[in-house]
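What follows is the content of query37.cif, which has mmCIF, C-alpha atoms (C1' of nucleotides):
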```
data_final
loop_
_atom_site.label_atom_id
_atom_site.label_comp_id
_atom_site.auth_asym_id
_atom_site.auth_seq_id
_atom_site.Cartn_x
_atom_site.Cartn_y
_atom_site.Cartn_z
CA MET U 63 99.48 -19.07 63.74
CA ARG U 64 102.99 -18.09 64.52
CA PHE U 65 105.25 -17.12 67.34
CA SER U 66 106.05 -13.51 68.04
CA LYS U 67 109.18 -11.83 66.83
CA LYS U 68 110.18 -11.44 70.44
CA SER U 69 110.37 -15.18 70.83
CA GLU U 70 112.31 -15.54 67.65
CA TYR U 71 114.76 -12.81 68.57
CA ALA U 72 115.12 -14.22 72.05
CA LEU U 73 116.01 -17.59 70.61
CA ARG U 74 118.56 -15.99 68.33
CA ALA U 75 120.23 -14.19 71.19
CA VAL U 76 120.40 -17.27 73.37
CA LEU U 77 121.80 -19.38 70.56
CA ILE U 78 124.46 -16.80 69.84
CA LEU U 79 125.41 -16.59 73.50
CA ALA U 80 125.44 -20.36 73.80
CA ASP U 81 127.88 -20.53 70.95
CA CYS U 82 130.40 -18.34 72.77
CA PRO U 83 133.25 -19.64 74.89
CA PRO U 84 132.06 -19.96 78.48
CA ASN U 85 132.57 -16.94 80.72
CA GLN U 86 132.75 -14.65 77.75
CA THR U 87 130.15 -11.88 77.66
CA LEU U 88 128.64 -10.25 74.62
CA GLN U 89 127.33 -6.72 74.59
CA ILE U 90 123.86 -5.89 73.37
CA GLN U 91 125.50 -4.02 70.55
CA GLU U 92 127.34 -7.11 69.39
CA LEU U 93 124.30 -9.33 69.73
CA SER U 94 122.37 -6.79 67.72
CA VAL U 95 124.80 -6.97 64.82
CA ILE U 96 124.96 -10.75 64.78
CA SER U 97 121.26 -11.34 65.22
CA GLY U 98 120.07 -8.53 63.01
CA VAL U 99 117.81 -7.09 65.67
CA SER U 100 117.82 -3.42 66.72
CA VAL U 101 119.69 -2.63 69.92
CA LYS U 102 116.69 -1.06 71.58
CA PHE U 103 114.38 -3.94 70.85
CA LEU U 104 116.97 -6.45 71.98
CA GLU U 105 117.34 -4.62 75.28
CA GLN U 106 113.75 -5.36 76.18
CA ILE U 107 114.07 -8.96 75.17
CA LEU U 108 117.33 -9.59 77.00
CA LEU U 109 115.96 -7.95 80.10
CA VAL U 110 113.01 -10.29 80.22
CA MET U 111 115.30 -13.25 79.81
CA LYS U 112 117.53 -12.00 82.56
CA LYS U 113 114.61 -11.72 84.93
CA GLY U 114 113.45 -15.11 83.74
CA GLY U 115 116.69 -16.71 84.89
CA ILE U 116 118.05 -17.57 81.47
CA LEU U 117 120.70 -14.88 81.14
CA ARG U 118 122.87 -12.92 83.49
CA SER U 119 124.37 -9.51 82.84
CA LYS U 120 127.13 -7.25 83.96
CA ARG U 121 127.15 -3.49 83.69
CA GLY U 122 129.92 -1.05 83.01
CA VAL U 123 133.04 -1.34 80.91
CA GLY U 124 133.58 -4.88 79.72
CA GLY U 125 130.09 -5.79 80.71
CA GLY U 126 127.52 -7.65 78.68
CA TYR U 127 125.37 -10.73 78.68
CA GLN U 128 125.98 -14.43 79.06
CA LEU U 129 123.94 -17.54 79.76
CA ASP U 130 123.01 -18.01 83.37
CA ARG U 131 123.14 -21.79 83.07
CA PRO U 132 124.34 -24.43 80.65
CA ALA U 133 122.80 -24.54 77.19
CA ARG U 134 121.78 -28.12 77.75
CA SER U 135 119.39 -27.05 80.49
CA ILE U 136 117.61 -24.36 78.46
CA THR U 137 114.76 -25.46 76.23
CA LEU U 138 113.01 -23.76 73.35
CA GLY U 139 109.78 -24.06 75.25
CA GLU U 140 111.12 -22.22 78.25
CA ILE U 141 112.19 -19.26 76.19
CA ILE U 142 108.98 -19.06 74.21
CA GLN U 143 106.91 -19.40 77.33
CA LEU U 144 108.84 -16.60 78.92
CA MET U 145 108.61 -14.22 75.99
CA ASP U 146 105.09 -14.90 74.81
CA GLY U 147 103.66 -15.60 78.20
CA GLY U 148 102.48 -19.05 77.32
CA LEU U 149 103.16 -21.92 75.04
CA CYS U 150 101.07 -23.41 72.29
CA GLU U 151 97.37 -22.80 72.59
CA LEU U 152 96.27 -23.37 69.11
CA SER U 153 93.16 -21.40 69.57
CA GLY U 154 90.48 -20.04 71.69
CA ILE U 155 89.33 -23.45 70.55
CA THR U 156 91.15 -24.95 73.46
CA ASP U 157 89.57 -22.80 76.11
CA SER U 158 85.88 -23.47 76.35
CA HIS U 159 85.17 -20.41 78.44
CA GLY U 160 81.97 -18.84 77.25
CA THR U 161 81.74 -20.84 74.06
CA PRO U 162 78.36 -22.29 73.30
CA GLU U 163 77.70 -26.00 73.12
CA TYR U 164 77.21 -27.23 69.62
CA PRO U 165 77.60 -30.62 67.98
CA GLY U 166 81.26 -31.52 68.06
CA SER U 167 82.32 -28.78 70.45
CA ALA U 168 83.68 -31.21 72.99
CA GLY U 169 85.42 -33.29 70.35
CA LEU U 170 87.00 -30.24 68.83
CA GLN U 171 88.41 -29.15 72.14
CA THR U 172 89.80 -32.56 72.91
CA CYS U 173 91.35 -32.72 69.52
CA PHE U 174 93.13 -29.39 69.78
CA ARG U 175 94.21 -30.02 73.30
CA GLU U 176 95.96 -33.13 72.07
CA ILE U 177 97.79 -31.25 69.38
CA ASP U 178 98.73 -28.50 71.79
CA GLU U 179 100.22 -31.02 74.15
CA GLN U 180 102.20 -32.62 71.39
CA VAL U 181 103.72 -29.33 70.34
CA ASN U 182 104.45 -28.16 73.84
CA GLU U 183 106.13 -31.42 74.64
CA ALA U 184 108.33 -31.10 71.59
CA LEU U 185 109.28 -27.56 72.55
CA GLN U 186 110.04 -28.51 76.13
CA GLU U 187 112.28 -31.32 75.00
CA ARG U 188 114.49 -29.43 72.61
CA THR U 189 117.44 -27.81 74.28
CA ILE U 190 119.50 -24.93 73.00
CA GLU U 191 122.51 -27.22 72.97
CA GLU U 192 120.73 -29.66 70.68
CA VAL U 193 119.65 -26.94 68.30
CA LEU U 194 123.20 -25.63 68.09
CA SER U 195 124.54 -29.06 67.31
CA MET U 196 121.93 -29.59 64.61
CA ASP U 197 123.43 -26.61 62.94
CA ARG U 198 126.68 -28.28 62.08
CA PRO U 199 126.12 -31.88 61.14
CA LYS U 200 129.39 -33.64 61.80
CA ASP U 201 129.24 -36.76 59.71
CA ILE U 202 127.54 -35.30 56.67
CA LEU U 203 129.32 -33.32 54.01
CA ALA U 204 126.90 -30.42 54.04
CA PHE U 205 125.97 -28.37 51.05
CA GLU U 206 126.55 -24.68 51.28
CA ILE U 207 123.45 -23.33 49.64
CA MET K 261 100.18 -18.57 68.66
CA ARG K 262 96.61 -19.39 67.90
CA PHE K 263 94.22 -19.89 65.08
CA SER K 264 91.93 -17.12 63.97
CA LYS K 265 88.35 -16.86 65.06
CA LYS K 266 87.42 -17.36 61.45
CA SER K 267 88.89 -20.83 61.52
CA GLU K 268 87.19 -21.62 64.75
CA TYR K 269 83.81 -20.36 63.58
CA ALA K 270 84.21 -22.20 60.30
CA LEU K 271 84.84 -25.42 62.19
CA ARG K 272 81.78 -24.82 64.30
CA ALA K 273 79.59 -24.29 61.28
CA VAL K 274 80.84 -27.36 59.50
CA LEU K 275 80.42 -29.52 62.57
CA ILE K 276 76.87 -28.30 63.02
CA LEU K 277 76.05 -28.96 59.38
CA ALA K 278 77.68 -32.37 59.56
CA ASP K 279 75.45 -33.25 62.46
CA CYS K 280 72.30 -32.60 60.42
CA PRO K 281 70.39 -35.26 58.54
CA PRO K 282 71.75 -35.46 55.00
CA ASN K 283 70.03 -33.27 52.42
CA GLN K 284 68.78 -30.93 55.07
CA THR K 285 69.89 -27.34 54.76
CA LEU K 286 70.45 -24.85 57.54
CA GLN K 287 70.07 -21.13 57.09
CA ILE K 288 72.76 -18.71 58.12
CA GLN K 289 70.36 -17.42 60.73
CA GLU K 290 70.03 -20.87 62.30
CA LEU K 291 73.74 -21.55 62.18
CA SER K 292 74.29 -18.19 63.82
CA VAL K 293 72.10 -19.08 66.78
CA ILE K 294 73.59 -22.52 67.30
CA SER K 295 77.21 -21.49 66.85
CA GLY K 296 76.94 -18.19 68.67
CA VAL K 297 78.47 -16.23 65.79
CA SER K 298 76.88 -13.12 64.32
CA VAL K 299 74.96 -13.58 61.10
CA LYS K 300 77.04 -11.06 59.22
CA PHE K 301 80.36 -12.54 60.20
CA LEU K 302 79.16 -16.04 59.45
CA GLU K 303 78.12 -14.94 56.00
CA GLN K 304 81.71 -14.20 55.05
CA ILE K 305 82.96 -17.41 56.51
CA LEU K 306 80.39 -19.64 54.88
CA LEU K 307 80.98 -17.96 51.57
CA VAL K 308 84.67 -18.76 51.66
CA MET K 309 83.90 -22.34 52.49
CA LYS K 310 81.45 -22.55 49.66
CA LYS K 311 84.03 -21.31 47.21
CA GLY K 312 86.49 -23.68 48.77
CA GLY K 313 84.33 -26.64 47.91
CA ILE K 314 83.38 -27.60 51.43
CA LEU K 315 79.82 -26.30 51.48
CA ARG K 316 77.09 -25.79 48.96
CA SER K 317 74.26 -23.30 49.18
CA LYS K 318 70.84 -22.67 47.84
CA ARG K 319 69.19 -19.29 47.66
CA GLY K 320 65.60 -18.26 48.08
CA VAL K 321 62.83 -19.68 50.21
CA GLY K 322 63.83 -22.93 51.86
CA GLY K 323 67.44 -22.27 50.95
CA GLY K 324 70.48 -22.51 53.16
CA TYR K 325 73.76 -24.32 53.48
CA GLN K 326 74.80 -27.94 53.59
CA LEU K 327 78.01 -29.91 53.24
CA ASP K 328 79.18 -30.36 49.70
CA ARG K 329 80.70 -33.75 50.49
CA PRO K 330 80.67 -36.35 53.24
CA ALA K 331 81.98 -35.36 56.66
CA ARG K 332 84.48 -38.18 56.54
CA SER K 333 86.26 -36.52 53.62
CA ILE K 334 86.62 -33.11 55.26
CA THR K 335 89.58 -32.57 57.56
CA LEU K 336 90.30 -29.94 60.17
CA GLY K 337 93.41 -29.02 58.23
CA GLU K 338 91.50 -28.34 55.07
CA ILE K 339 89.18 -25.89 56.76
CA ILE K 340 91.92 -24.07 58.61
CA GLN K 341 94.04 -23.87 55.52
CA LEU K 342 91.12 -22.41 53.64
CA MET K 343 90.20 -19.82 56.25
CA ASP K 344 93.62 -18.75 57.41
CA GLY K 345 95.33 -19.17 54.08
CA GLY K 346 97.84 -21.64 55.36
CA LEU K 347 98.41 -24.18 58.02
CA CYS K 348 100.86 -24.25 60.86
CA GLU K 349 103.90 -22.10 60.36
CA LEU K 350 105.05 -21.66 63.87
CA SER K 351 106.98 -18.59 63.05
CA GLY K 352 108.82 -16.47 60.69
CA ILE K 353 111.32 -18.88 62.18
CA THR K 354 110.40 -21.38 59.55
CA ASP K 355 110.93 -19.10 56.59
CA SER K 356 114.53 -18.12 56.32
CA HIS K 357 113.88 -15.34 53.87
CA GLY K 358 116.02 -12.36 54.75
CA THR K 359 117.05 -13.66 58.15
CA PRO K 360 120.72 -13.38 58.97
CA GLU K 361 122.94 -16.37 59.57
CA TYR K 362 123.82 -16.82 63.19
CA PRO K 363 124.91 -19.81 65.23
CA GLY K 364 122.02 -22.21 65.40
CA SER K 365 119.93 -20.54 62.72
CA ALA K 366 119.83 -23.61 60.56
CA GLY K 367 119.12 -25.90 63.49
CA LEU K 368 116.32 -23.67 64.68
CA GLN K 369 114.66 -23.74 61.31
CA THR K 370 114.94 -27.48 61.03
CA CYS K 371 113.54 -27.87 64.47
CA PHE K 372 110.49 -25.73 63.85
CA ARG K 373 109.89 -27.21 60.46
CA GLU K 374 109.67 -30.60 62.13
CA ILE K 375 107.12 -29.40 64.63
CA ASP K 376 105.13 -27.66 61.92
CA GLU K 377 104.98 -30.87 59.95
CA GLN K 378 103.83 -32.80 62.96
CA VAL K 379 100.98 -30.40 63.62
CA ASN K 380 99.93 -30.14 60.02
CA GLU K 381 99.88 -33.88 59.69
CA ALA K 382 97.66 -34.19 62.73
CA LEU K 383 95.29 -31.58 61.35
CA GLN K 384 95.13 -33.20 57.94
CA GLU K 385 94.33 -36.55 59.47
CA ARG K 386 91.43 -35.56 61.66
CA THR K 387 88.12 -35.59 59.84
CA ILE K 388 84.96 -33.77 60.80
CA GLU K 389 83.26 -37.12 61.18
CA GLU K 390 85.86 -38.23 63.72
CA VAL K 391 85.54 -35.05 65.73
CA LEU K 392 81.79 -35.42 65.84
CA SER K 393 82.06 -38.97 67.09
CA MET K 394 84.56 -37.96 69.76
CA ASP K 395 81.83 -35.75 71.08
CA ARG K 396 79.68 -38.60 72.23
CA PRO K 397 81.83 -41.40 73.55
CA LYS K 398 79.80 -44.56 73.16
CA ASP K 399 81.39 -47.00 75.55
CA ILE K 400 82.17 -44.64 78.37
CA LEU K 401 79.65 -43.44 80.88
CA ALA K 402 80.42 -39.78 80.47
CA PHE K 403 80.20 -37.19 83.17
CA GLU K 404 77.99 -34.25 82.53
CA ILE K 405 80.08 -31.44 83.93
"C1'" DT S 413 134.34 11.55 88.25
"C1'" DC S 414 133.34 9.96 84.09
"C1'" DA S 415 132.76 6.89 80.08
"C1'" DT S 416 130.61 2.70 79.45
"C1'" DT S 417 127.04 -0.48 79.58
"C1'" DC S 418 122.90 -2.32 81.17
"C1'" DC S 419 117.97 -0.95 83.23
"C1'" DC S 420 113.33 0.64 82.82
"C1'" DT S 421 109.14 2.82 81.23
"C1'" DA S 422 106.44 5.32 78.04
"C1'" DT S 423 104.91 5.96 73.64
"C1'" DC S 424 103.91 5.17 68.77
"C1'" DA S 425 102.86 3.48 64.17
"C1'" DA S 426 101.52 -0.35 61.50
"C1'" DT S 427 99.18 -4.33 61.09
"C1'" DT S 428 95.87 -7.64 61.99
"C1'" DT S 429 91.61 -9.17 63.75
"C1'" DA S 430 86.97 -9.38 64.45
"C1'" DC S 431 83.13 -7.54 63.10
"C1'" DT S 432 79.33 -4.34 60.88
"C1'" DC S 433 76.84 -2.16 57.16
"C1'" DA S 434 74.55 -1.52 53.00
"C1'" DA S 435 73.25 -2.81 48.71
"C1'" DG S 436 72.90 -6.45 45.09
"C1'" DA S 437 71.41 -10.85 42.83
"C1'" DA S 438 69.40 -15.45 42.51
"C1'" DT S 439 65.36 -18.38 43.65
"C1'" DG S 440 60.88 -20.06 43.70
"C1'" DA S 441 56.01 -19.50 45.54
"C1'" DG S 442 51.76 -17.53 44.31
"C1'" DC L 446 55.23 -11.30 36.84
"C1'" DT L 447 56.37 -9.96 41.29
"C1'" DC L 448 57.71 -10.28 45.65
"C1'" DA L 449 59.57 -12.13 50.01
"C1'" DT L 450 63.33 -14.84 51.09
"C1'" DT L 451 67.98 -16.01 51.31
"C1'" DC L 452 72.53 -15.98 49.84
"C1'" DT L 453 76.45 -12.68 47.69
"C1'" DT L 454 79.73 -9.11 47.70
"C1'" DG L 455 82.63 -5.61 48.98
"C1'" DA L 456 83.60 -1.63 51.65
"C1'" DG L 457 84.35 0.17 56.12
"C1'" DT L 458 85.70 0.37 61.15
"C1'" DA L 459 86.96 -0.18 66.08
"C1'" DA L 460 89.88 -2.52 69.14
"C1'" DA L 461 93.78 -5.14 70.09
"C1'" DT L 462 98.29 -6.67 69.24
"C1'" DT L 463 102.79 -6.30 67.57
"C1'" DG L 464 107.12 -4.51 66.49
"C1'" DA L 465 109.77 -0.98 67.32
"C1'" DT L 466 111.65 3.71 69.04
"C1'" DA L 467 112.98 7.12 72.45
"C1'" DG L 468 115.12 8.82 76.38
"C1'" DG L 469 116.46 9.25 80.90
"C1'" DG L 470 118.25 6.42 84.98
"C1'" DA L 471 121.49 3.47 87.57
"C1'" DA L 472 125.41 0.55 88.29
"C1'" DT L 473 130.36 -0.39 87.37
"C1'" DG L 474 135.11 0.20 87.43
"C1'" DA L 475 139.10 2.65 85.57
#
```
Please render this file's structure as structure tokens.
Amino acid sequence: MRFSKKSEYALRAVLILADCPPNQTLQIQELSVISGVSVKFLEQILLVMKKGGILRSKRGVGGGYQLDRPARSITLGEIIQLMDGGLCELSGITDSHGTPEYPGSAGLQTCFREIDEQVNEALQERTIEEVLSMDRPKDILAFEI
Amino acid sequence: MRFSKKSEYALRAVLILADCPPNQTLQIQELSVISGVSVKFLEQILLVMKKGGILRSKRGVGGGYQLDRPARSITLGEIIQLMDGGLCELSGITDSHGTPEYPGSAGLQTCFREIDEQVNEALQERTIEEVLSMDRPKDILAFEI
DNA sequence: TCATTCCCTATCAATTTACTCAAGAATGAG
DNA sequence: CTCATTCTTGAGTAAATTGATAGGGAATGA
């Protein structure tokens, strides 16, 4: 009942890139160090996000990655959907394909579909920009733990 | 991003048992046929739920399983928690153990923790009795698909 | 033309999942 | 008592998924 590491790492990378000055690129190598993800694994992830229209890249000396559009237009849901090939489907419970009919089967499906929708909505609403700003609360004297 | 089959099968079994007249037991064999789950796999699942205080069993001739308490006191969340050893933790994203600090890391965690809580709350609220009653809407002329 | 940096695909090891098998132990009918 | 019935228990396994590595290829620009 969890997201894949790919999704998590993808989110890390996008957050890091979103935190950079605009028009600055970061190399995979740098992203790797900051995010704590191996260069080779990151490559795959970044590539998918490039093809998915979230990042853009530049090759050669001075190349690297940057966001392809503003952080306020990128949602958590979009990234997760891209990396995991789908959003929240809490179970095979939601898809009734081939499942037998038993007492409560319809109710169970309805119930999980509702929860799924709730989660997916929440994920589609949250933008990268919002998440970044949650990080540094401005009017609260934050504890450093 | 889904629940295990064990959880799903466990829910099926409990729903089927909840739909029986009180004080009637069902044998694993019968549950297997109705739920479409193999006898041997069901055995494991039912056993866990017995130990978890959701079902009770009786051995020997005329034995079988039944609910250990009323369907209105059993929630989806309880069963899932029992079978999967935990409820919704959308990711390793939620547990910050050993993850590096990067821009947005705190915000991301907060964000997912919120969603987790939402889901878990929904699961803890829904009772087996409710799900059963959703199955047969009383005031709506339902389609048979 | 060459160092740099991203691009792409194949492969692998570990883990998890879903499930099976085989033998044991309680129960109660006769 | 004894025997069929039914649950109990734990070990074992096959397939799928995941997380990660490896290595050569292709663009870029100095």
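The coordinates place CA of Ser119 (chain U) at 20.4 Å from CA of Pro363 (chain K).
With distances taken over only C-alpha atoms (C1' of nucleotides), K:Glu303 is the one residue among K:Glu377, K:Glu338, K:Glu303, K:Glu290 lying closest to chain L.
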Between chain U and chain L, at 12 Å or less, what are the per-residue closest atom pairs and their distances in Å? Count all atoms listed in the file, order by chain and rising residue number, and return it as a tab-separated table.
```
residue	atom	partner	partner_atom	distance
U:Phe65	CA	L:DT463	C1'	11.1
U:Ser66	CA	L:DT463	C1'	7.9
U:Lys67	CA	L:DG464	C1'	7.6
U:Lys68	CA	L:DG464	C1'	8.5
U:Ser69	CA	L:DG464	C1'	12.0
U:Tyr71	CA	L:DG464	C1'	11.5
U:Val99	CA	L:DA465	C1'	10.2
U:Ser100	CA	L:DA465	C1'	8.4
U:Val101	CA	L:DT466	C1'	10.3
U:Lys102	CA	L:DT466	C1'	7.4
U:Phe103	CA	L:DA465	C1'	6.5
U:Leu104	CA	L:DA465	C1'	10.2
U:Glu105	CA	L:DA465	C1'	11.6
U:Gln106	CA	L:DA465	C1'	10.7
U:Ile107	CA	L:DG464	C1'	12.0
U:Ser119	CA	L:DA472	C1'	11.5
U:Lys120	CA	L:DT473	C1'	8.3
U:Arg121	CA	L:DT473	C1'	5.8
U:Gly122	CA	L:DT473	C1'	4.4
U:Val123	CA	L:DG474	C1'	7.0
U:Gly124	CA	L:DG474	C1'	9.4
U:Gly125	CA	L:DT473	C1'	8.6
U:Gly126	CA	L:DT473	C1'	11.7
U:Asp146	CA	L:DT463	C1'	11.5
```
Selection dump of the PyMOL selection byres ((chain K) within 9 of (chain U)), as a PyMOL selection string = chain K and resi 261-265+268+271-272+275-279+294-296+344+346-353+359-368+370-372+375-376+378-379+382-383+386+388+390-396
Written file, previous selection with C-alpha atoms, as a PDB file, in the coordinates of the input:
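The new file out-v2.pdb reads:
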```
ATOM      1  CA  MET K 261     100.180 -18.570  68.660  1.00  0.00           C
ATOM      2  CA  ARG K 262      96.610 -19.390  67.900  1.00  0.00           C
ATOM      3  CA  PHE K 263      94.220 -19.890  65.080  1.00  0.00           C
ATOM      4  CA  SER K 264      91.930 -17.120  63.970  1.00  0.00           C
ATOM      5  CA  LYS K 265      88.350 -16.860  65.060  1.00  0.00           C
ATOM      6  CA  GLU K 268      87.190 -21.620  64.750  1.00  0.00           C
ATOM      7  CA  LEU K 271      84.840 -25.420  62.190  1.00  0.00           C
ATOM      8  CA  ARG K 272      81.780 -24.820  64.300  1.00  0.00           C
ATOM      9  CA  LEU K 275      80.420 -29.520  62.570  1.00  0.00           C
ATOM     10  CA  ILE K 276      76.870 -28.300  63.020  1.00  0.00           C
ATOM     11  CA  LEU K 277      76.050 -28.960  59.380  1.00  0.00           C
ATOM     12  CA  ALA K 278      77.680 -32.370  59.560  1.00  0.00           C
ATOM     13  CA  ASP K 279      75.450 -33.250  62.460  1.00  0.00           C
ATOM     14  CA  ILE K 294      73.590 -22.520  67.300  1.00  0.00           C
ATOM     15  CA  SER K 295      77.210 -21.490  66.850  1.00  0.00           C
ATOM     16  CA  GLY K 296      76.940 -18.190  68.670  1.00  0.00           C
ATOM     17  CA  ASP K 344      93.620 -18.750  57.410  1.00  0.00           C
ATOM     18  CA  GLY K 346      97.840 -21.640  55.360  1.00  0.00           C
ATOM     19  CA  LEU K 347      98.410 -24.180  58.020  1.00  0.00           C
ATOM     20  CA  CYS K 348     100.860 -24.250  60.860  1.00  0.00           C
ATOM     21  CA  GLU K 349     103.900 -22.100  60.360  1.00  0.00           C
ATOM     22  CA  LEU K 350     105.050 -21.660  63.870  1.00  0.00           C
ATOM     23  CA  SER K 351     106.980 -18.590  63.050  1.00  0.00           C
ATOM     24  CA  GLY K 352     108.820 -16.470  60.690  1.00  0.00           C
ATOM     25  CA  ILE K 353     111.320 -18.880  62.180  1.00  0.00           C
ATOM     26  CA  THR K 359     117.050 -13.660  58.150  1.00  0.00           C
ATOM     27  CA  PRO K 360     120.720 -13.380  58.970  1.00  0.00           C
ATOM     28  CA  GLU K 361     122.940 -16.370  59.570  1.00  0.00           C
ATOM     29  CA  TYR K 362     123.820 -16.820  63.190  1.00  0.00           C
ATOM     30  CA  PRO K 363     124.910 -19.810  65.230  1.00  0.00           C
ATOM     31  CA  GLY K 364     122.020 -22.210  65.400  1.00  0.00           C
ATOM     32  CA  SER K 365     119.930 -20.540  62.720  1.00  0.00           C
ATOM     33  CA  ALA K 366     119.830 -23.610  60.560  1.00  0.00           C
ATOM     34  CA  GLY K 367     119.120 -25.900  63.490  1.00  0.00           C
ATOM     35  CA  LEU K 368     116.320 -23.670  64.680  1.00  0.00           C
ATOM     36  CA  THR K 370     114.940 -27.480  61.030  1.00  0.00           C
ATOM     37  CA  CYS K 371     113.540 -27.870  64.470  1.00  0.00           C
ATOM     38  CA  PHE K 372     110.490 -25.730  63.850  1.00  0.00           C
ATOM     39  CA  ILE K 375     107.120 -29.400  64.630  1.00  0.00           C
ATOM     40  CA  ASP K 376     105.130 -27.660  61.920  1.00  0.00           C
ATOM     41  CA  GLN K 378     103.830 -32.800  62.960  1.00  0.00           C
ATOM     42  CA  VAL K 379     100.980 -30.400  63.620  1.00  0.00           C
ATOM     43  CA  ALA K 382      97.660 -34.190  62.730  1.00  0.00           C
ATOM     44  CA  LEU K 383      95.290 -31.580  61.350  1.00  0.00           C
ATOM     45  CA  ARG K 386      91.430 -35.560  61.660  1.00  0.00           C
ATOM     46  CA  ILE K 388      84.960 -33.770  60.800  1.00  0.00           C
ATOM     47  CA  GLU K 390      85.860 -38.230  63.720  1.00  0.00           C
ATOM     48  CA  VAL K 391      85.540 -35.050  65.730  1.00  0.00           C
ATOM     49  CA  LEU K 392      81.790 -35.420  65.840  1.00  0.00           C
ATOM     50  CA  SER K 393      82.060 -38.970  67.090  1.00  0.00           C
ATOM     51  CA  MET K 394      84.560 -37.960  69.760  1.00  0.00           C
ATOM     52  CA  ASP K 395      81.830 -35.750  71.080  1.00  0.00           C
ATOM     53  CA  ARG K 396      79.680 -38.600  72.230  1.00  0.00           C
TER      54      ARG K 396
END
```
Write out as a Markdown table the residues of chain S that have any atom within 10 Å of an atom of chain U, one row each with the nearest atom pair and its distance in Å to one decimal, counting all atoms listed in the file, sorted by chain and then rising number.
```
| residue | atom | partner | partner_atom | distance |
| --- | --- | --- | --- | --- |
| S:DA415 | C1' | U:Val123 | CA | 8.3 |
| S:DT416 | C1' | U:Val123 | CA | 4.9 |
| S:DT417 | C1' | U:Gly122 | CA | 4.5 |
| S:DC418 | C1' | U:Arg121 | CA | 5.1 |
| S:DC419 | C1' | U:Leu109 | CA | 7.9 |
| S:DC420 | C1' | U:Gln106 | CA | 9.0 |
```
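Distance-wise, CA of Gly313 (chain K) and C1' of DG436 (chain S) end up 23.4 Å apart.
For the pair CA of Leu327 (chain K) and CA of Ala270 (chain K), the separation is 12.2 Å.
The residues returned by the PyMOL selection byres ((chain U and resi 116) around 9) for this structure are U:Val76, U:Val110, U:Met111, U:Lys112, U:Lys113, U:Gly114, U:Gly115, U:Leu117, U:Arg118, U:Gln128, U:Leu129, U:Asp130, U:Arg131, U:Ile136, U:Glu140, U:Ile141.
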